[in-house]
file start.csv (CSV, C-alpha atoms and all ligand atoms)
chain,number,residue,atom,x,y,z
R,1,MET,CA,2.0,9.1,13.9
R,2,ARG,CA,-1.1,9.5,11.8
R,3,ASN,CA,-0.1,8.6,8.3
R,4,ILE,CA,-2.6,6.5,6.3
R,5,ILE,CA,-0.8,3.5,4.9
R,6,LEU,CA,-2.2,1.4,2.1
R,7,ILE,CA,-1.1,-2.3,1.9
R,8,GLY,CA,-2.1,-5.2,-0.2
R,9,PHE,CA,-1.2,-7.4,-3.2
R,10,MET,CA,0.0,-6.0,-6.5
R,11,GLY,CA,-3.0,-4.6,-8.5
R,12,CYS,CA,-5.2,-4.1,-5.4
R,13,GLY,CA,-5.4,-0.3,-6.2
R,14,LYS,CA,-2.9,1.1,-3.7
R,15,SER,CA,-1.4,3.6,-6.1
R,16,THR,CA,-4.6,4.9,-7.7
R,17,LEU,CA,-6.4,5.0,-4.4
R,18,GLY,CA,-3.3,6.8,-2.9
R,19,ILE,CA,-3.6,9.5,-5.5
R,20,LYS,CA,-7.4,9.9,-4.9
R,21,LEU,CA,-6.9,10.1,-1.1
R,22,SER,CA,-4.0,12.5,-1.4
R,23,PHE,CA,-6.2,14.8,-3.5
R,24,LYS,CA,-9.3,14.5,-1.2
R,25,MET,CA,-7.5,14.8,2.1
R,26,ARG,CA,-4.9,17.3,0.8
R,27,ARG,CA,-2.1,15.2,2.0
R,28,MET,CA,1.2,14.4,0.3
R,29,LEU,CA,1.4,11.0,-1.3
R,30,VAL,CA,4.5,8.8,-0.9
R,31,ASP,CA,4.8,5.6,-2.9
R,32,THR,CA,7.5,3.3,-1.4
R,33,ASP,CA,8.2,1.7,-4.8
R,34,LYS,CA,9.0,5.1,-6.2
R,35,LEU,CA,11.0,6.2,-3.2
R,36,VAL,CA,13.1,3.0,-3.4
R,37,GLU,CA,13.6,3.6,-7.2
R,38,GLN,CA,14.7,7.2,-6.5
R,39,GLU,CA,17.2,6.1,-3.8
R,40,ALA,CA,18.6,3.3,-6.0
R,41,GLY,CA,18.6,5.4,-9.2
R,42,CYS,CA,17.1,2.6,-11.2
R,43,SER,CA,13.9,0.6,-11.7
R,44,ILE,CA,12.5,-2.1,-9.4
R,45,SER,CA,13.1,-4.6,-12.2
R,46,GLU,CA,16.8,-3.6,-12.3
R,47,ILE,CA,17.1,-3.8,-8.5
R,48,PHE,CA,15.7,-7.3,-8.6
R,49,GLU,CA,18.0,-8.2,-11.4
R,50,ASN,CA,21.2,-6.7,-10.1
R,51,GLU,CA,20.9,-6.9,-6.4
R,52,GLY,CA,18.2,-9.6,-5.8
R,53,GLU,CA,14.9,-9.6,-3.9
R,54,GLU,CA,16.5,-9.5,-0.4
R,55,ALA,CA,18.4,-6.3,-1.2
R,56,PHE,CA,15.1,-4.8,-2.5
R,57,ARG,CA,13.4,-5.7,0.8
R,58,ALA,CA,16.2,-4.1,2.7
R,59,ARG,CA,15.8,-1.0,0.7
R,60,GLU,CA,12.0,-1.0,1.5
R,61,THR,CA,12.9,-1.2,5.3
R,62,ASP,CA,15.3,1.8,4.9
R,63,CYS,CA,12.6,3.7,3.2
R,64,LEU,CA,10.1,3.1,6.1
R,65,LYS,CA,12.8,4.2,8.6
R,66,LYS,CA,13.3,7.5,6.6
R,67,LEU,CA,9.6,8.1,6.6
R,68,LEU,CA,9.5,7.7,10.4
R,69,GLN,CA,11.9,10.6,10.7
R,70,SER,CA,9.4,13.0,9.2
R,71,ARG,CA,6.6,14.5,11.2
R,72,GLN,CA,4.4,15.2,8.2
R,73,GLU,CA,1.2,13.2,7.9
R,74,ARG,CA,1.0,11.6,4.6
R,75,ILE,CA,-0.8,8.9,2.5
R,76,ILE,CA,1.7,6.1,2.1
R,77,SER,CA,1.2,3.6,-0.7
R,78,THR,CA,3.4,0.5,-0.3
R,79,GLY,CA,4.9,-2.2,-2.5
R,80,GLY,CA,2.9,-5.5,-2.3
R,81,GLY,CA,5.6,-7.4,-0.5
R,82,LEU,CA,6.6,-4.8,2.0
R,83,PRO,CA,4.5,-6.1,5.0
R,84,LEU,CA,6.1,-9.6,4.6
R,85,ARG,CA,9.1,-8.6,6.9
R,86,GLU,CA,8.1,-8.6,10.5
R,87,GLU,CA,10.4,-5.5,11.1
R,88,ASN,CA,8.4,-3.7,8.4
R,89,ARG,CA,5.1,-4.5,10.0
R,90,ALA,CA,6.3,-3.0,13.3
R,91,LEU,CA,7.5,0.1,11.4
R,92,LEU,CA,4.2,0.4,9.6
R,93,HIS,CA,2.3,0.5,12.9
R,94,LYS,CA,4.6,3.2,14.2
R,95,LEU,CA,3.9,5.2,11.1
R,96,GLY,CA,0.1,5.2,11.4
R,97,LYS,CA,-3.1,3.5,10.4
R,98,VAL,CA,-2.6,0.5,8.2
R,99,ILE,CA,-5.3,-0.2,5.7
R,100,TYR,CA,-5.4,-3.6,3.9
R,101,LEU,CA,-7.0,-3.4,0.5
R,102,ARG,CA,-8.1,-7.1,0.3
R,103,THR,CA,-8.7,-8.2,-3.3
R,104,LYS,CA,-9.5,-11.6,-4.8
R,105,PRO,CA,-7.0,-13.2,-7.1
R,106,GLU,CA,-9.4,-13.1,-10.1
R,107,THR,CA,-9.8,-9.3,-9.6
R,108,VAL,CA,-6.0,-8.8,-9.4
R,109,TRP,CA,-5.6,-10.7,-12.7
R,110,GLU,CA,-8.4,-8.7,-14.3
R,111,ARG,CA,-6.7,-5.4,-13.2
R,112,LEU,CA,-3.1,-6.4,-14.0
R,113,GLY,CA,-3.3,-8.7,-17.0
R,114,PRO,CA,0.1,-9.6,-18.4
R,115,ASP,CA,2.6,-7.1,-16.9
R,116,ASN,CA,6.3,-6.6,-17.6
R,117,ASN,CA,7.1,-4.3,-14.7
R,118,ARG,CA,6.5,-6.8,-11.9
R,119,PRO,CA,9.5,-9.1,-11.6
R,120,LEU,CA,7.7,-11.6,-9.4
R,121,LEU,CA,5.0,-12.2,-12.0
R,122,GLN,CA,7.4,-12.9,-14.9
R,123,VAL,CA,6.6,-16.6,-14.9
R,124,PRO,CA,4.8,-18.9,-17.4
R,125,ASP,CA,1.5,-18.9,-15.5
R,126,PRO,CA,1.2,-15.5,-13.8
R,127,GLN,CA,-2.5,-16.2,-12.9
R,128,ALA,CA,-1.6,-19.3,-10.9
R,129,LYS,CA,1.3,-17.4,-9.3
R,130,ILE,CA,-1.1,-14.7,-8.1
R,131,GLU,CA,-3.4,-17.3,-6.5
R,132,GLU,CA,-0.5,-19.0,-4.8
R,133,MET,CA,1.1,-15.8,-3.5
R,134,LEU,CA,-2.2,-14.4,-2.3
R,135,ALA,CA,-2.9,-17.6,-0.4
R,136,GLU,CA,0.5,-17.2,1.3
R,137,ARG,CA,0.4,-13.5,1.9
R,138,GLY,CA,-3.3,-13.0,2.8
R,139,PRO,CA,-3.0,-13.9,6.5
R,140,ILE,CA,0.1,-11.7,6.8
R,141,TYR,CA,-1.6,-8.7,5.3
R,142,GLU,CA,-4.6,-9.3,7.7
R,143,GLU,CA,-2.2,-9.5,10.7
R,144,ALA,CA,-0.5,-6.3,9.7
R,145,ALA,CA,-3.7,-4.3,9.2
R,146,ASP,CA,-5.7,-2.1,11.5
R,147,VAL,CA,-8.5,-1.9,8.9
R,148,ILE,CA,-9.4,-4.5,6.2
R,149,ILE,CA,-11.5,-3.3,3.2
R,150,ASP,CA,-12.6,-5.6,0.4
R,151,THR,CA,-12.1,-3.8,-2.9
R,152,ASP,CA,-13.5,-6.2,-5.5
R,153,ASP,CA,-17.0,-4.7,-6.0
R,154,ARG,CA,-16.1,-1.1,-4.9
R,155,ASP,CA,-15.0,1.9,-7.0
R,156,LEU,CA,-12.4,4.4,-6.0
R,157,GLU,CA,-14.9,6.9,-4.8
R,158,GLU,CA,-16.5,4.4,-2.4
R,159,LEU,CA,-13.2,3.1,-1.2
R,160,SER,CA,-11.8,6.6,-0.5
R,161,LYS,CA,-14.9,7.5,1.5
R,162,ILE,CA,-14.6,4.3,3.6
R,163,ILE,CA,-11.0,5.0,4.3
R,164,MET,CA,-11.6,8.6,5.2
R,165,LEU,CA,-14.4,7.6,7.5
R,166,ARG,CA,-12.4,4.8,9.2
R,167,SER,CA,-9.4,7.1,9.7
R,168,GLY,CA,-11.5,9.7,11.5
R,169,PHE,CA,-11.1,12.4,8.8
R,170,TYR,CA,-14.7,13.5,8.8
R,171,SER,CA,-15.1,13.6,12.5
R,172,GLY,CA,-11.9,15.6,12.8
R,173,LYS,CA,-13.4,18.1,10.3
R,174,ARG,CA,-16.7,18.4,12.2
R,175,LYS,CA,-14.9,19.0,15.5
R,176,LYS,CA,-12.9,21.8,14.0
R,177,TYR,CA,-16.1,23.4,12.6
R,178,ARG,CA,-17.9,23.2,15.9
R,179,SER,CA,-15.1,24.8,17.8
R,180,LYS,CA,-15.2,28.0,15.7
G,1,LIG,C1,6.1,-6.6,-5.1
G,1,LIG,C2,5.1,-5.6,-5.5
G,1,LIG,C3,5.5,-4.4,-6.3
G,1,LIG,C4,7.0,-4.1,-6.1
G,1,LIG,C5,7.8,-5.3,-6.4
G,1,LIG,C6,7.5,-6.5,-5.5
G,1,LIG,C7,5.6,-7.8,-4.3
G,1,LIG,O1,4.7,-3.3,-5.9
G,1,LIG,O2,7.2,-3.6,-4.8
G,1,LIG,O3,7.6,-5.6,-7.7
G,1,LIG,O4,6.5,-8.5,-3.8
G,1,LIG,O5,4.4,-8.0,-4.2
G,1,LIG,P1,3.1,-3.1,-6.2
G,1,LIG,O6,2.4,-3.8,-5.2
G,1,LIG,O7,3.0,-1.6,-6.1
G,1,LIG,O8,2.9,-3.6,-7.6

call {"tool": "encode", "arguments": {"input": "start.csv", "output": "structure tokens"}}
result
Amino acid sequence: MRNIILIGFMGCGKSTLGIKLSFKMRRMLVDTDKLVEQEAGCSISEIFENEGEEAFRARETDCLKKLLQSRQERIISTGGGLPLREENRALLHKLGKVIYLRTKPETVWERLGPDNNRPLLQVPDPQAKIEEMLAERGPIYEEAADVIIDTDDRDLEELSKIIMLRSGFYSGKRKKYRSK
């Protein structure tokens, strides 16, 4: 399948870039966090609080399985921890092209700041936690990705162009034009 899937740490820009790509490529955007919340009927913070992180991760896996049943090509923006499960990484590859938005911890902190909506960052020193989690997760994101893009010094416009180029969007358009 030819979905475009955005993975990466919290605050790397998956959601905002997802909106931009969805507009430019005229594709529907699916955000796995929102899908999980819809299915559960409550917020991510509430799922973590009432059911725990493992249950949340299982919900993410269910969400990917549902997306695999659809034939529509979409932009899929994922929760930051979704690629941690091996099963999810395999599902992501079945779904399409996996783009890792690699971002330095200091940029993540700059973008997020103190944030009440992310249960894993509700700790006394969120900045140190971001560094620690990124060091752990970085290699997993890299392993899961078909394409790695550094986001730190790039704006949304540049990032969306790179992704469209790397996913063959422009060449697809040209081919169509020539065949007329
Ligand atoms: C998480 C990232 C969050 C959300 C949940 C857990 C993580 O999504 O899925 O709070 O483990 O990194 P965003 O990356 O969209 O913030």

call {"tool": "residues_around", "arguments": {"input": "start.csv", "residues": "region 65-77 of chain R", "least_positions_apart": "5", "cutoff": "8 Å", "atoms": "only C-alpha atoms", "output": "ChimeraX atom specification"}}
result
/R:1-7,14-15,18,21-22,27-32,91,94-95

call {"tool": "residues_around", "arguments": {"input": "start.csv", "residues": "Pro114 (chain R)", "least_positions_apart": "3", "cutoff": "9 Å", "atoms": "all atoms listed in the file", "output": "ChimeraX atom specification"}}
result
/R:109,121-122,126-127

call {"tool": "closest_atom_pairs", "arguments": {"input": "start.csv", "of": "chain R", "to": "ligand LIG 1 (chain G)", "cutoff": "6 Å", "atoms": "only C-alpha atoms and all ligand atoms", "output": "CSV"}}
result
residue,atom,partner,partner_atom,distance
R:Phe9,CA,G:LIG1,O6,5.5
R:Met10,CA,G:LIG1,O6,3.5
R:Asp33,CA,G:LIG1,O2,5.4
R:Gly79,CA,G:LIG1,O2,3.5
R:Gly80,CA,G:LIG1,O6,3.4
R:Gly81,CA,G:LIG1,O4,3.6
R:Arg118,CA,G:LIG1,O3,4.5
R:Pro119,CA,G:LIG1,O3,5.6

call {"tool": "write_last_selection", "arguments": {"input": "start.csv", "atoms": "C-alpha atoms", "output": "compact mmCIF listing (two decimals), in the coordinates of the input"}}
result
# COMPACT_ATOMS: atom_id res chain seq x y z
CA PHE R 9 -1.20 -7.40 -3.20
CA MET R 10 0.00 -6.00 -6.50
CA ASP R 33 8.20 1.70 -4.80
CA GLY R 79 4.90 -2.20 -2.50
CA GLY R 80 2.90 -5.50 -2.30
CA GLY R 81 5.60 -7.40 -0.50
CA ARG R 118 6.50 -6.80 -11.90
CA PRO R 119 9.50 -9.10 -11.60

call {"tool": "atom_distance", "arguments": {"input": "start.csv", "atom1": "CA of Asp125 (chain R)", "atom2": "CA of Lys104 (chain R)"}}
result
17.0 Å

call {"tool": "residues_around", "arguments": {"input": "start.csv", "residues": "Ile99 (chain R)", "least_positions_apart": "3", "cutoff": "12 Å", "atoms": "only C-alpha atoms", "output": "PyMOL selection string"}}
result
chain R and resi 3-8+12-14+17-18+75-78+83+92-93+95-96+102+141-151+159-160+162-164+166-167

call {"tool": "closest_residue", "arguments": {"input": "start.csv", "among": "R:Glu158, R:Glu51, R:Glu132, R:Asp115", "to": "Gly11 (chain R)", "atoms": "all atoms listed in the file"}}
result
R:Asp115

call {"tool": "atom_distance", "arguments": {"input": "start.csv", "atom1": "CA of Leu84 (chain R)", "atom2": "CA of Arg137 (chain R)"}}
result
7.4 Å

call {"tool": "residues_around", "arguments": {"input": "start.csv", "residues": "Glu53 (chain R)", "least_positions_apart": "6", "cutoff": "12 Å", "atoms": "all atoms listed in the file", "output": "NGL selection string"}}
result
:R and (44-47 or 59-60 or 81-82 or 118-120)

call {"tool": "atom_distance", "arguments": {"input": "start.csv", "atom1": "CA of Phe48 (chain R)", "atom2": "CA of Ala90 (chain R)"}}
result
24.2 Å

call {"tool": "residues_near_point", "arguments": {"input": "start.csv", "point": "(-5.0, -12.2, -1.3)", "cutoff": "6 Å", "atoms": "all atoms listed in the file", "output": "list in words"}}
result
Thr103, Lys104, Leu134, Ala135 and Gly138 of chain R

call {"tool": "write_last_selection", "arguments": {"input": "start.csv", "atoms": "C-alpha atoms", "output": "mmCIF file, keeping the file's coordinate frame"}}
result
data_model
loop_
_atom_site.group_PDB
_atom_site.id
_atom_site.type_symbol
_atom_site.label_atom_id
_atom_site.label_comp_id
_atom_site.auth_asym_id
_atom_site.auth_seq_id
_atom_site.Cartn_x
_atom_site.Cartn_y
_atom_site.Cartn_z
ATOM 1 C CA THR R 103 -8.700 -8.200 -3.300
ATOM 2 C CA LYS R 104 -9.500 -11.600 -4.800
ATOM 3 C CA LEU R 134 -2.200 -14.400 -2.300
ATOM 4 C CA ALA R 135 -2.900 -17.600 -0.400
ATOM 5 C CA GLY R 138 -3.300 -13.000 2.800
#

call {"tool": "decode", "arguments": {"input": "start.csv", "residues": "region 1-83 of chain R", "atoms": "C-alpha atoms", "output": "compact mmCIF listing (two decimals), in the first residue's frame"}}
result
# COMPACT_ATOMS: atom_id res chain seq x y z
CA MET R 1 0.00 0.00 0.00
CA ARG R 2 1.16 3.53 -0.67
CA ASN R 3 0.22 5.45 2.43
CA ILE R 4 2.72 8.03 3.66
CA ILE R 5 3.42 7.42 7.32
CA LEU R 6 5.07 9.97 9.59
CA ILE R 7 6.91 8.62 12.63
CA GLY R 8 9.09 10.31 15.23
CA PHE R 9 9.31 11.61 18.75
CA MET R 10 6.68 13.83 20.37
CA GLY R 11 7.02 17.38 19.05
CA CYS R 12 8.86 16.43 15.84
CA GLY R 13 6.03 17.94 13.77
CA LYS R 14 4.12 14.81 12.64
CA SER R 15 0.68 16.35 13.13
CA THR R 16 1.35 19.79 11.59
CA LEU R 17 3.29 18.29 8.70
CA GLY R 18 0.50 15.74 8.26
CA ILE R 19 -2.02 18.57 7.81
CA LYS R 20 0.25 20.33 5.31
CA LEU R 21 0.85 17.15 3.27
CA SER R 22 -2.80 16.25 3.33
CA PHE R 23 -3.63 19.65 1.84
CA LYS R 24 -0.85 19.63 -0.76
CA MET R 25 -1.31 16.03 -1.87
CA ARG R 26 -5.10 16.07 -1.54
CA ARG R 27 -5.07 12.99 0.62
CA MET R 28 -7.00 12.28 3.77
CA LEU R 29 -5.07 12.61 7.01
CA VAL R 30 -5.35 10.04 9.76
CA ASP R 31 -3.81 10.68 13.14
CA THR R 32 -3.44 7.45 15.13
CA ASP R 33 -3.67 9.32 18.46
CA LYS R 34 -7.04 10.77 17.42
CA LEU R 35 -8.24 7.42 16.09
CA VAL R 36 -7.33 5.70 19.36
CA GLU R 37 -9.14 8.43 21.31
CA GLN R 38 -12.23 8.06 19.12
CA GLU R 39 -12.29 4.29 19.57
CA ALA R 40 -11.77 4.57 23.34
CA GLY R 41 -14.16 7.49 23.76
CA CYS R 42 -11.71 9.32 26.01
CA SER R 43 -8.39 11.17 25.91
CA ILE R 44 -4.94 9.60 25.75
CA SER R 45 -4.20 10.84 29.27
CA GLU R 46 -7.34 9.06 30.49
CA ILE R 47 -6.39 5.83 28.69
CA PHE R 48 -2.95 5.91 30.33
CA GLU R 49 -4.52 6.63 33.69
CA ASN R 50 -7.34 4.07 33.55
CA GLU R 51 -5.89 1.26 31.44
CA GLY R 52 -2.12 1.80 31.51
CA GLU R 53 0.48 2.23 28.77
CA GLU R 54 0.38 -1.39 27.52
CA ALA R 55 -3.35 -1.15 26.85
CA PHE R 56 -2.75 2.09 24.96
CA ARG R 57 -0.07 0.35 22.86
CA ALA R 58 -2.48 -2.49 22.10
CA ARG R 59 -5.03 0.07 20.98
CA GLU R 60 -2.41 1.56 18.63
CA THR R 61 -1.83 -1.90 17.10
CA ASP R 62 -5.60 -2.38 16.58
CA CYS R 63 -5.72 1.00 14.91
CA LEU R 64 -2.98 0.02 12.40
CA LYS R 65 -4.77 -3.24 11.64
CA LYS R 66 -7.95 -1.30 10.87
CA LEU R 67 -6.06 1.06 8.57
CA LEU R 68 -4.68 -1.94 6.69
CA GLN R 69 -8.21 -2.97 5.80
CA SER R 70 -8.78 0.22 3.82
CA ARG R 71 -7.54 0.62 0.27
CA GLN R 72 -7.51 4.41 0.43
CA GLU R 73 -4.07 6.06 0.23
CA ARG R 74 -3.65 8.45 3.11
CA ILE R 75 -1.21 10.49 5.12
CA ILE R 76 -0.87 8.73 8.47
CA SER R 77 0.54 10.62 11.42
CA THR R 78 1.48 8.33 14.32
CA GLY R 79 1.88 8.57 18.09
CA GLY R 80 5.54 8.92 19.13
CA GLY R 81 5.72 5.49 20.77
CA LEU R 82 3.88 3.52 18.10
CA PRO R 83 6.97 2.15 16.28
